[in-house]
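my_file-v4.tsv (TSV, C-alpha atoms)
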```tsv
chain	number	residue	atom	x	y	z
A	1042	MET	CA	47.05	167.12	-16.33
A	1043	LEU	CA	49.35	168.86	-18.34
A	1044	SER	CA	48.72	169.00	-14.89
A	1045	VAL	CA	49.52	170.19	-11.67
A	1046	VAL	CA	51.07	167.29	-10.33
A	1047	VAL	CA	52.37	166.02	-13.88
A	1048	GLY	CA	52.77	167.77	-12.13
A	1049	VAL	CA	50.25	169.06	-11.92
A	1050	VAL	CA	47.92	168.86	-9.67
A	1051	PRO	CA	44.61	170.44	-10.39
A	1052	ASN	CA	42.42	171.59	-7.62
A	1053	ALA	CA	39.09	170.05	-6.85
A	1054	ALA	CA	37.44	172.22	-9.46
A	1055	GLY	CA	39.86	170.90	-12.07
A	1056	SER	CA	41.94	174.06	-12.40
A	1057	SER	CA	45.53	174.58	-11.41
A	1058	ALA	CA	46.15	176.03	-8.01
A	1059	ALA	CA	49.67	177.17	-8.81
A	1060	PRO	CA	50.99	179.72	-11.32
A	1061	GLU	CA	53.70	177.33	-12.47
A	1062	HIS	CA	50.96	175.12	-13.77
A	1063	ASP	CA	49.03	177.76	-15.66
A	1064	ALA	CA	50.37	176.48	-18.95
A	1065	ALA	CA	49.03	173.05	-18.15
A	1066	ALA	CA	46.02	173.62	-16.00
A	1067	LEU	CA	42.99	171.37	-16.20
A	1068	ILE	CA	39.72	173.04	-17.03
A	1069	ASP	CA	36.49	171.16	-16.53
A	1070	ALA	CA	34.79	171.03	-19.91
A	1071	PRO	CA	30.99	171.15	-20.08
A	1072	VAL	CA	29.48	167.99	-21.48
A	1073	ASN	CA	27.43	168.56	-24.62
A	1074	ALA	CA	23.97	167.13	-24.02
A	1075	GLU	CA	23.95	165.77	-27.57
A	1076	ALA	CA	27.37	164.20	-27.34
A	1077	ARG	CA	27.55	160.53	-28.14
A	1078	VAL	CA	29.53	157.82	-26.41
A	1079	SER	CA	32.72	157.01	-28.26
A	1080	ALA	CA	33.40	153.32	-28.92
A	1081	THR	CA	37.15	153.49	-28.33
A	1082	LEU	CA	37.36	151.87	-24.89
A	1083	ASP	CA	40.11	149.24	-24.88
A	1084	PRO	CA	41.03	147.92	-21.42
A	1085	THR	CA	44.06	146.17	-22.94
A	1086	LEU	CA	45.53	149.39	-24.36
A	1087	PRO	CA	49.11	149.46	-23.02
A	1088	LEU	CA	50.91	152.34	-21.40
A	1089	ASP	CA	53.95	153.67	-23.24
A	1090	MET	CA	56.72	151.71	-21.53
A	1091	ARG	CA	59.17	151.80	-24.44
A	1092	PRO	CA	62.77	152.36	-23.32
A	1093	THR	CA	64.05	155.90	-23.59
A	1094	PRO	CA	66.45	156.19	-26.54
A	1095	ALA	CA	70.17	155.58	-26.05
A	1096	ARG	CA	70.86	158.51	-28.37
A	1097	PHE	CA	68.99	161.79	-28.62
A	1098	GLU	CA	66.00	161.54	-30.92
A	1099	PRO	CA	63.77	164.56	-31.50
A	1100	SER	CA	60.28	163.32	-30.69
A	1101	PRO	CA	57.73	165.95	-31.65
A	1102	ALA	CA	54.07	165.03	-31.63
A	1103	ALA	CA	53.11	163.60	-35.01
A	1104	LEU	CA	49.59	165.02	-34.61
A	1105	GLU	CA	48.16	168.36	-33.55
A	1106	VAL	CA	46.66	167.36	-30.20
A	1107	THR	CA	45.47	169.70	-27.45
A	1108	VAL	CA	44.23	168.96	-23.95
A	1109	ASP	CA	42.14	171.74	-22.43
A	1110	GLY	CA	43.43	174.02	-25.16
A	1111	VAL	CA	47.10	173.31	-24.42
A	1112	ARG	CA	49.08	171.76	-27.26
A	1113	ILE	CA	50.91	168.48	-26.57
A	1114	PRO	CA	54.38	169.11	-28.07
A	1115	HIS	CA	55.81	165.58	-27.76
A	1116	GLU	CA	54.95	162.09	-28.95
A	1117	VAL	CA	54.51	161.00	-25.33
A	1118	LEU	CA	53.59	162.95	-22.23
A	1119	ALA	CA	52.26	161.94	-18.83
A	1120	LEU	CA	49.15	163.69	-17.59
A	1121	SER	CA	48.40	163.69	-13.86
A	1122	VAL	CA	44.75	164.21	-12.97
A	1123	LEU	CA	42.49	163.85	-9.98
A	1124	PRO	CA	39.94	161.02	-10.01
A	1125	GLY	CA	36.97	161.94	-12.19
A	1126	ALA	CA	38.72	164.96	-13.75
A	1127	VAL	CA	37.25	166.09	-17.08
A	1128	LEU	CA	39.52	166.86	-20.03
A	1129	ASP	CA	38.66	168.44	-23.37
A	1130	VAL	CA	40.74	166.66	-26.04
A	1131	GLU	CA	41.02	167.90	-29.63
A	1132	ALA	CA	42.81	166.39	-32.62
A	1133	PRO	CA	42.41	166.23	-36.43
A	1134	ALA	CA	38.84	165.46	-37.49
A	1135	ASP	CA	39.66	161.93	-38.67
A	1136	ALA	CA	41.69	160.98	-35.58
A	1137	THR	CA	40.62	158.40	-33.01
A	1138	LEU	CA	40.88	158.66	-29.23
A	1139	ARG	CA	41.48	155.34	-27.50
A	1140	HIS	CA	41.36	154.89	-23.74
A	1141	ALA	CA	41.97	152.03	-21.33
A	1142	ALA	CA	39.77	153.36	-18.53
A	1143	GLY	CA	37.43	156.23	-17.77
A	1144	SER	CA	34.79	157.36	-20.22
A	1145	VAL	CA	34.60	159.42	-23.40
A	1146	LEU	CA	31.90	161.51	-25.02
A	1147	GLN	CA	32.55	162.48	-28.62
A	1148	VAL	CA	31.42	166.08	-28.96
A	1149	ASP	CA	32.35	166.49	-32.62
A	1150	ALA	CA	34.76	165.10	-35.19
A	1151	GLY	CA	38.17	165.21	-33.55
A	1152	ARG	CA	36.83	166.52	-30.24
A	1153	TRP	CA	36.10	164.54	-27.09
A	1154	THR	CA	35.28	165.09	-23.46
A	1155	PHE	CA	37.22	162.54	-21.45
A	1156	THR	CA	36.40	161.72	-17.84
A	1157	ALA	CA	39.23	160.11	-15.87
A	1158	PRO	CA	38.63	156.94	-13.84
A	1159	ASP	CA	37.57	157.33	-10.23
A	1160	THR	CA	40.31	154.96	-9.05
A	1161	PRO	CA	43.94	156.14	-8.76
A	1162	GLY	CA	46.36	154.36	-11.06
A	1163	ALA	CA	47.99	154.55	-14.50
A	1164	TRP	CA	46.16	154.01	-17.80
A	1165	ALA	CA	46.83	154.59	-21.47
A	1166	LEU	CA	45.15	157.37	-23.41
A	1167	ARG	CA	46.14	157.58	-27.07
A	1168	VAL	CA	45.26	159.70	-30.08
A	1169	GLU	CA	45.72	157.93	-33.43
A	1170	GLN	CA	45.49	158.99	-37.05
A	1171	GLY	CA	46.63	156.43	-39.57
A	1172	GLY	CA	50.03	155.28	-38.33
A	1173	ALA	CA	50.66	158.42	-36.29
A	1174	GLN	CA	50.16	158.34	-32.51
A	1175	VAL	CA	50.38	160.64	-29.51
A	1176	HIS	CA	50.67	158.75	-26.22
A	1177	LEU	CA	49.13	160.33	-23.14
A	1178	ASN	CA	50.13	158.23	-20.15
A	1179	LEU	CA	47.34	159.03	-17.72
A	1180	LEU	CA	48.24	159.13	-14.03
A	1181	VAL	CA	45.20	159.35	-11.74
A	1182	LEU	CA	46.29	160.79	-8.41
A	1183	HIS	CA	45.60	159.85	-4.84
A	1184	PRO	CA	44.04	163.10	-3.56
A	1185	GLN	CA	45.76	165.05	-0.82
A	1186	THR	CA	42.82	164.14	1.43
A	1187	ALA	CA	44.03	160.51	1.35
A	1188	VAL	CA	47.11	161.50	3.35
A	1189	GLN	CA	46.39	160.56	6.95
A	1190	GLY	CA	48.74	161.27	9.83
A	1191	GLY	CA	51.39	162.37	7.35
A	1192	SER	CA	51.37	159.03	5.49
A	1193	LEU	CA	49.85	157.67	2.29
A	1194	GLY	CA	49.57	153.91	1.92
A	1195	GLY	CA	52.30	153.50	4.55
A	1196	PHE	CA	54.61	155.91	2.66
A	1197	ARG	CA	55.68	158.89	4.74
A	1198	ILE	CA	54.69	162.18	3.15
A	1199	GLY	CA	55.01	164.53	6.10
A	1200	GLN	CA	53.31	167.89	6.42
A	1201	TYR	CA	53.04	170.81	4.04
A	1202	ARG	CA	52.67	174.32	5.40
A	1203	GLU	CA	49.03	175.38	5.24
A	1204	ALA	CA	50.00	179.01	4.63
A	1205	PRO	CA	51.60	179.48	1.18
A	1206	LEU	CA	54.87	181.36	0.98
A	1207	ARG	CA	54.21	185.10	0.59
A	1208	GLY	CA	50.60	184.24	-0.20
A	1209	ASP	CA	51.66	182.63	-3.52
A	1210	PRO	CA	49.15	179.88	-4.41
A	1211	ALA	CA	52.01	177.95	-6.05
A	1212	TYR	CA	52.90	176.95	-2.49
A	1213	LEU	CA	49.53	175.55	-1.48
A	1214	PRO	CA	49.78	171.82	-0.66
A	1215	PRO	CA	49.74	169.58	-3.76
A	1216	GLN	CA	46.31	168.28	-4.69
A	1217	GLY	CA	47.46	164.68	-5.03
A	1218	PHE	CA	50.23	162.16	-5.53
A	1219	VAL	CA	51.10	159.58	-8.18
A	1220	GLU	CA	51.47	156.01	-6.92
A	1221	VAL	CA	54.63	154.42	-8.35
A	1222	PRO	CA	54.92	150.67	-7.83
A	1223	ALA	CA	58.17	149.13	-9.04
A	1224	GLU	CA	56.65	148.01	-12.35
A	1225	LEU	CA	55.80	151.62	-13.27
A	1226	GLN	CA	59.20	153.16	-12.69
A	1227	GLY	CA	60.06	152.69	-16.39
A	1228	LEU	CA	56.93	154.51	-17.56
A	1229	ARG	CA	57.81	157.28	-19.99
A	1230	VAL	CA	56.59	160.65	-18.76
A	1231	SER	CA	58.13	162.42	-21.77
A	1232	PRO	CA	60.34	161.25	-24.66
A	1233	HIS	CA	63.61	161.24	-22.66
A	1234	PHE	CA	62.51	160.82	-19.04
A	1235	THR	CA	60.86	158.10	-16.99
A	1236	LEU	CA	58.69	158.22	-13.90
A	1237	GLY	CA	61.27	156.46	-11.75
A	1238	GLN	CA	63.89	159.17	-12.35
A	1239	PHE	CA	61.91	161.60	-10.20
A	1240	LEU	CA	61.21	159.36	-7.20
A	1241	CYS	CA	62.08	160.58	-3.73
A	1242	LYS	CA	65.08	158.66	-2.40
A	1243	GLN	CA	63.36	157.65	0.82
A	1244	PRO	CA	62.52	153.93	1.24
A	1245	GLY	CA	59.00	152.61	0.79
A	1246	GLU	CA	56.99	150.46	-1.61
A	1247	PRO	CA	54.93	151.54	-3.33
A	1248	ALA	CA	56.32	155.04	-3.46
A	1249	PHE	CA	54.37	158.19	-4.23
A	1250	LEU	CA	55.41	161.41	-5.88
A	1251	ALA	CA	54.29	164.73	-7.26
A	1252	LEU	CA	55.57	165.61	-10.72
A	1253	SER	CA	54.97	168.82	-12.66
A	1254	THR	CA	54.30	168.73	-16.37
A	1255	PRO	CA	55.83	172.21	-16.82
A	1256	LEU	CA	59.04	170.77	-15.35
A	1257	LEU	CA	59.00	167.89	-17.84
A	1258	LEU	CA	58.45	170.25	-20.75
A	1259	LYS	CA	61.33	172.40	-19.59
A	1260	LEU	CA	63.74	169.50	-19.14
A	1261	GLU	CA	62.85	168.16	-22.58
A	1262	ALA	CA	63.55	171.58	-24.09
A	1263	VAL	CA	66.91	171.71	-22.29
A	1264	VAL	CA	67.90	168.30	-23.71
A	1265	GLY	CA	66.99	169.53	-27.18
A	1266	GLU	CA	68.95	172.75	-26.70
A	1267	LEU	CA	72.04	170.89	-25.52
A	1268	ASN	CA	72.03	168.72	-28.61
A	1269	ARG	CA	71.54	171.74	-30.85
A	1270	ARG	CA	74.65	173.19	-29.23
A	1271	GLY	CA	76.66	170.09	-30.13
A	1272	ILE	CA	76.56	168.48	-26.68
A	1273	GLU	CA	75.16	165.12	-27.69
A	1274	THR	CA	73.21	163.60	-24.84
A	1275	PRO	CA	70.11	161.37	-24.78
A	1276	GLY	CA	68.84	163.00	-21.59
A	1277	LEU	CA	69.80	164.28	-18.16
A	1278	ALA	CA	70.71	162.42	-15.00
A	1279	VAL	CA	68.32	163.41	-12.20
A	1280	MET	CA	70.19	163.52	-8.90
A	1281	SER	CA	67.13	164.70	-6.98
A	1282	GLY	CA	63.56	165.10	-8.17
A	1283	PHE	CA	60.54	164.96	-5.88
A	1284	ARG	CA	61.11	165.11	-2.13
A	1285	THR	CA	58.46	164.55	0.48
A	1286	PRO	CA	58.39	167.15	3.27
A	1287	TRP	CA	59.38	164.34	5.64
A	1288	TYR	CA	62.45	163.36	3.59
A	1289	ASN	CA	63.42	166.98	2.97
A	1290	ARG	CA	63.64	167.50	6.72
A	1291	ALA	CA	65.34	164.13	7.27
A	1292	ILE	CA	68.29	165.11	5.05
A	1293	GLY	CA	68.78	168.35	6.96
A	1294	ASN	CA	67.02	170.92	4.80
A	1295	THR	CA	65.36	173.62	6.87
A	1296	THR	CA	63.08	175.15	4.24
A	1297	ASP	CA	59.50	173.96	3.89
A	1298	TYR	CA	59.10	175.69	0.55
A	1299	SER	CA	61.58	173.94	-1.74
A	1300	ARG	CA	60.05	173.40	-5.17
A	1301	HIS	CA	61.20	169.80	-4.92
A	1302	LEU	CA	58.31	169.23	-2.50
A	1303	TRP	CA	55.87	170.04	-5.29
A	1304	GLY	CA	57.59	167.85	-7.90
A	1305	ASP	CA	58.39	171.07	-9.73
A	1306	ALA	CA	62.21	170.93	-9.50
A	1307	ALA	CA	65.07	168.65	-10.47
A	1308	ASP	CA	68.80	168.69	-9.72
A	1309	VAL	CA	70.38	167.49	-12.94
A	1310	TYR	CA	73.71	166.87	-14.64
A	1311	ILE	CA	74.97	165.29	-17.86
A	1312	ASP	CA	76.34	161.77	-17.43
A	1313	ARG	CA	76.83	160.14	-20.81
A	1314	ASP	CA	79.41	157.65	-19.54
A	1315	GLY	CA	77.22	156.51	-16.65
A	1316	ASP	CA	79.80	157.05	-13.91
A	1317	GLY	CA	77.44	159.08	-11.71
A	1318	ASP	CA	79.36	162.33	-12.20
A	1319	MET	CA	79.05	165.42	-14.39
A	1320	ASP	CA	80.79	165.00	-17.75
A	1321	ASP	CA	83.63	167.27	-18.87
A	1322	LEU	CA	81.49	169.45	-21.12
A	1323	ASN	CA	83.98	172.21	-21.90
A	1324	GLY	CA	86.89	169.90	-22.68
A	1325	ASP	CA	89.30	171.32	-20.11
A	1326	GLY	CA	90.05	167.94	-18.55
A	1327	ARG	CA	88.16	168.74	-15.35
A	1328	ARG	CA	84.60	168.18	-14.18
A	1329	ASP	CA	83.71	171.19	-12.13
A	1330	LEU	CA	81.49	174.26	-11.87
A	1331	ALA	CA	82.54	175.34	-15.35
A	1332	ASP	CA	80.74	172.32	-16.75
A	1333	ALA	CA	77.65	173.16	-14.70
A	1334	ARG	CA	77.74	176.59	-16.35
A	1335	VAL	CA	77.58	174.96	-19.77
A	1336	LEU	CA	74.40	173.16	-18.75
A	1337	ALA	CA	73.01	176.30	-17.12
A	1338	ALA	CA	73.55	178.25	-20.34
A	1339	ALA	CA	71.25	175.83	-22.15
A	1340	VAL	CA	68.60	176.32	-19.45
A	1341	GLU	CA	68.89	180.10	-19.83
A	1342	ALA	CA	68.54	179.81	-23.60
A	1343	VAL	CA	65.37	177.75	-23.22
A	1344	GLU	CA	63.80	180.32	-20.90
A	1345	GLN	CA	64.75	183.21	-23.17
A	1346	GLY	CA	63.76	181.53	-26.46
A	1347	ALA	CA	60.10	182.50	-26.39
A	1348	GLU	CA	59.55	181.82	-30.09
A	1349	THR	CA	61.06	178.35	-29.99
A	1350	HIS	CA	59.95	177.43	-26.47
A	1351	ALA	CA	56.67	179.31	-26.05
A	1352	HIS	CA	55.30	176.60	-23.75
A	1353	ILE	CA	58.18	176.86	-21.28
A	1354	GLN	CA	57.62	178.55	-17.93
A	1355	PRO	CA	60.31	180.57	-16.14
A	1356	GLY	CA	61.71	179.26	-12.90
A	1357	GLY	CA	64.67	178.76	-10.66
A	1358	LEU	CA	68.21	178.09	-11.87
A	1359	GLY	CA	70.99	177.33	-9.41
A	1360	LEU	CA	74.58	176.11	-9.85
A	1361	TYR	CA	76.24	173.84	-7.30
A	1362	ARG	CA	79.90	172.96	-6.88
A	1363	ARG	CA	81.36	169.54	-6.26
A	1364	ASN	CA	81.54	168.42	-2.65
A	1365	ALA	CA	82.28	165.17	-0.81
A	1366	ALA	CA	78.79	163.82	-1.54
A	1367	HIS	CA	78.24	164.70	-5.22
A	1368	GLY	CA	79.67	166.27	-8.32
A	1369	PRO	CA	78.61	169.62	-9.78
A	1370	PHE	CA	74.98	169.93	-10.82
A	1371	VAL	CA	72.29	172.41	-11.82
A	1372	HIS	CA	68.95	172.99	-10.13
A	1373	VAL	CA	66.08	173.61	-12.58
A	1374	ASP	CA	62.48	174.38	-11.69
A	1375	ALA	CA	59.31	175.76	-13.28
A	1376	ARG	CA	57.89	177.85	-10.44
A	1377	GLY	CA	56.48	180.45	-12.83
A	1378	ARG	CA	58.94	183.26	-12.09
A	1379	ALA	CA	62.67	183.62	-12.60
A	1380	ALA	CA	65.03	183.00	-9.67
A	1381	ARG	CA	68.82	182.70	-9.84
A	1382	TRP	CA	71.52	181.60	-7.41
```
For the structure just supplied, provide its representation as structure tokens.
Amino acid sequence: MLSVVVGVVPNAAGSSAAPEHDAAALIDAPVNAEARVSATLDPTLPLDMRPTPARFEPSPAALEVTVDGVRIPHEVLALSVLPGAVLDVEAPADATLRHAAGSVLQVDAGRWTFTAPDTPGAWALRVEQGGAQVHLNLLVLHPQTAVQGGSLGGFRIGQYREAPLRGDPAYLPPQGFVEVPAELQGLRVSPHFTLGQFLCKQPGEPAFLALSTPLLLKLEAVVGELNRRGIETPGLAVMSGFRTPWYNRAIGNTTDYSRHLWGDAADVYIDRDGDGDMDDLNGDGRRDLADARVLAAAVEAVEQGAETHAHIQPGGLGLYRRNAAHGPFVHVDARGRAARW
């Protein structure tokens, strides 16, 4: 979806159950009785597995494409949907929608109703106009109902609290999970991030995760803001992305409401030299909390820049010092309301 488990996980009716996904909720579109079948099915259409760039490259969408009325701002974006979800896709009148699975009804020139496949997996969905393309890497989820005894396909998920925190529907259990076999870890979920970066660190193959599209949009905006500020970086290192409830407990966390459990949070730092530690961003010869503050300032700017980042949702922002296990880092999430620590 722009999703609620690409994060994104829509509810059974196709709408987002959580406020942090309002900007990317799926809305079931009525099928026009006079719509005609589009002849753009191509089972060989590849997913966008191109390597993320070694240097920062602005990657805005070359076409005006919307999914359920929400504009796709980048040249590539992963959409997580439940099996059989219905999406309303719009593009320029002379554009073509190509799909590797599912079905399409062309409602009008440049407008289609797309129905996702019934089988969980990853397929390409692409809008083309001349040489311009917008890649929509479609991730069909395993529904929450497929989790049995706290496991999904032998992968331990654990248990979510049935009662949402303070009655907030953002804390209802996710509606589904993306299956991530080893060959899909390099799948681009946005211009500067891959699916594998957000995997839970627990063992298991294949792995499963939840991943919020609002989080991806926010992280992309932060990367852009950092580069505008002269901090040249091709992306962010993700120290921790999705965590299953089982893993979250296994590493000693006592909360059952961490946004990591919804794939809506990431602990990140800048690591241009690849040494696994925060870079010296302020040039003082140290790598400490002061450098985390430089990164946090870019996150704050993204949240406050409504005109430039109108599609960005507010969320949590936390700064963490170096300890024996890791260097300094910043927690970022897209929970739908501001939180600071």
Margin query: Set the distance at 8 Å and use all atoms listed in the file: which residues neighbour A:Leu1179 once local chain neighbours fewer than 4 positions away are removed? I'd like the list as a VMD selection string.
Written below: chain A and resid 1119 to 1122 1163 to 1166
Next item on the list: Can you work out the spacing between atom CA of A:Ala1306 and atom CA of A:Gly1217 in Å, to one decimal?
Entry: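 Result for atom CA of A:Ala1306 versus atom CA of A:Gly1217: 16.6 Å, one decimal.
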Next item on the list: Could you give me, as a PyMOL selection string, the residues within 9 Å of stretch 1321-1323 of chain A, counting all atoms listed in the file and dropping anything in the same chain fewer than 2 positions from it?
Entry: chain A and resi 1272+1311+1319+1325-1329+1331-1333+1335-1336
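Using only C-alpha atoms for every distance, the candidate list A:Ala1141, A:Ala1223, A:Leu1146, A:Leu1118 yields A:Ala1141 as the residue closest to A:Pro1158.
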Notebook entry, point to check: Using only C-alpha atoms, which residues sit within 7 Å of stretch 1184-1196 of chain A once same-chain residues fewer than 4 positions away are excluded, as number ranges by chain?
Noted result: A: 1123, 1200, 1215-1218, 1245, 1248
Note to self: Quick check, in Å to one decimal: how far apart do atom CA of A:Asp1129 and atom CA of A:Ile1113 lie?
What the structure shows: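 These two atoms are separated by 12.7 Å.
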Item checked: Point-to-point distance in Å for atom CA of A:Asp1320 and atom CA of A:Val1117 ->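 Calculated distance between atom CA of A:Val1117 and atom CA of A:Asp1320 is 27.6 Å.
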Margin query: Given all atoms listed in the file as the basis, pick out the residue of A:Pro1161, A:Gly1171, A:Gly1199, A:Pro1101 nearest to A:Asp1297.
Written below: A:Gly1199
Notebook entry, point to check: Smallest atom-to-atom distance to A:Arg1284: which of A:Val1343, A:Leu1206, A:Ala1134, A:Leu1302, using all atoms listed in the file?
Noted result: A:Leu1302
Item checked: A:Gln1174 surroundings by only C-alpha atoms, 8 Å radius, close-in-sequence under 6 positions cut, as an MDAnalysis selection string -> chainID A and resid 1102:1104 1116 1167:1168
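Summary of the local environment: counting all atoms listed in the file, residues at most 7 Å from A:Gly1359, other than itself and those fewer than 3 positions away along its chain, are A:Val1371, A:His1372, A:Val1373, A:Arg1381, A:Trp1382.
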Item checked: Pick from A:Tyr1298, A:Val1221, A:Ala1307, A:Met1090, whichever lies nearest to A:Pro1286 using all atoms listed in the file ->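 So, comparing all the options, the nearest one is A:Tyr1298.
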Notebook entry, point to check: In terms of the shortest atom-to-atom distance over only C-alpha atoms, which of A:Pro1094, A:Gly1368, A:Gly1377, A:Gly1162 is closest to A:Arg1229?
Noted result: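 Closest residue, counting only C-alpha atoms: A:Pro1094.
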Checklist line | Nearest-residue call for A:Ala1366, choices A:Gly1125, A:Pro1232, A:Gly1317, A:Pro1210, using all atoms listed in the file | finding: A:Gly1317
Taking all atoms of stretch 1261-1266 of chain A that the file lists, what box with edges along x, y and z, padded by 4 Å per side, do you get, with centre and edge lengths in Å to one decimal, as JSON?
```
{"center_x": 65.9, "center_y": 170.5, "center_z": -24.7, "size_x": 14.1, "size_y": 12.6, "size_z": 12.9}
```
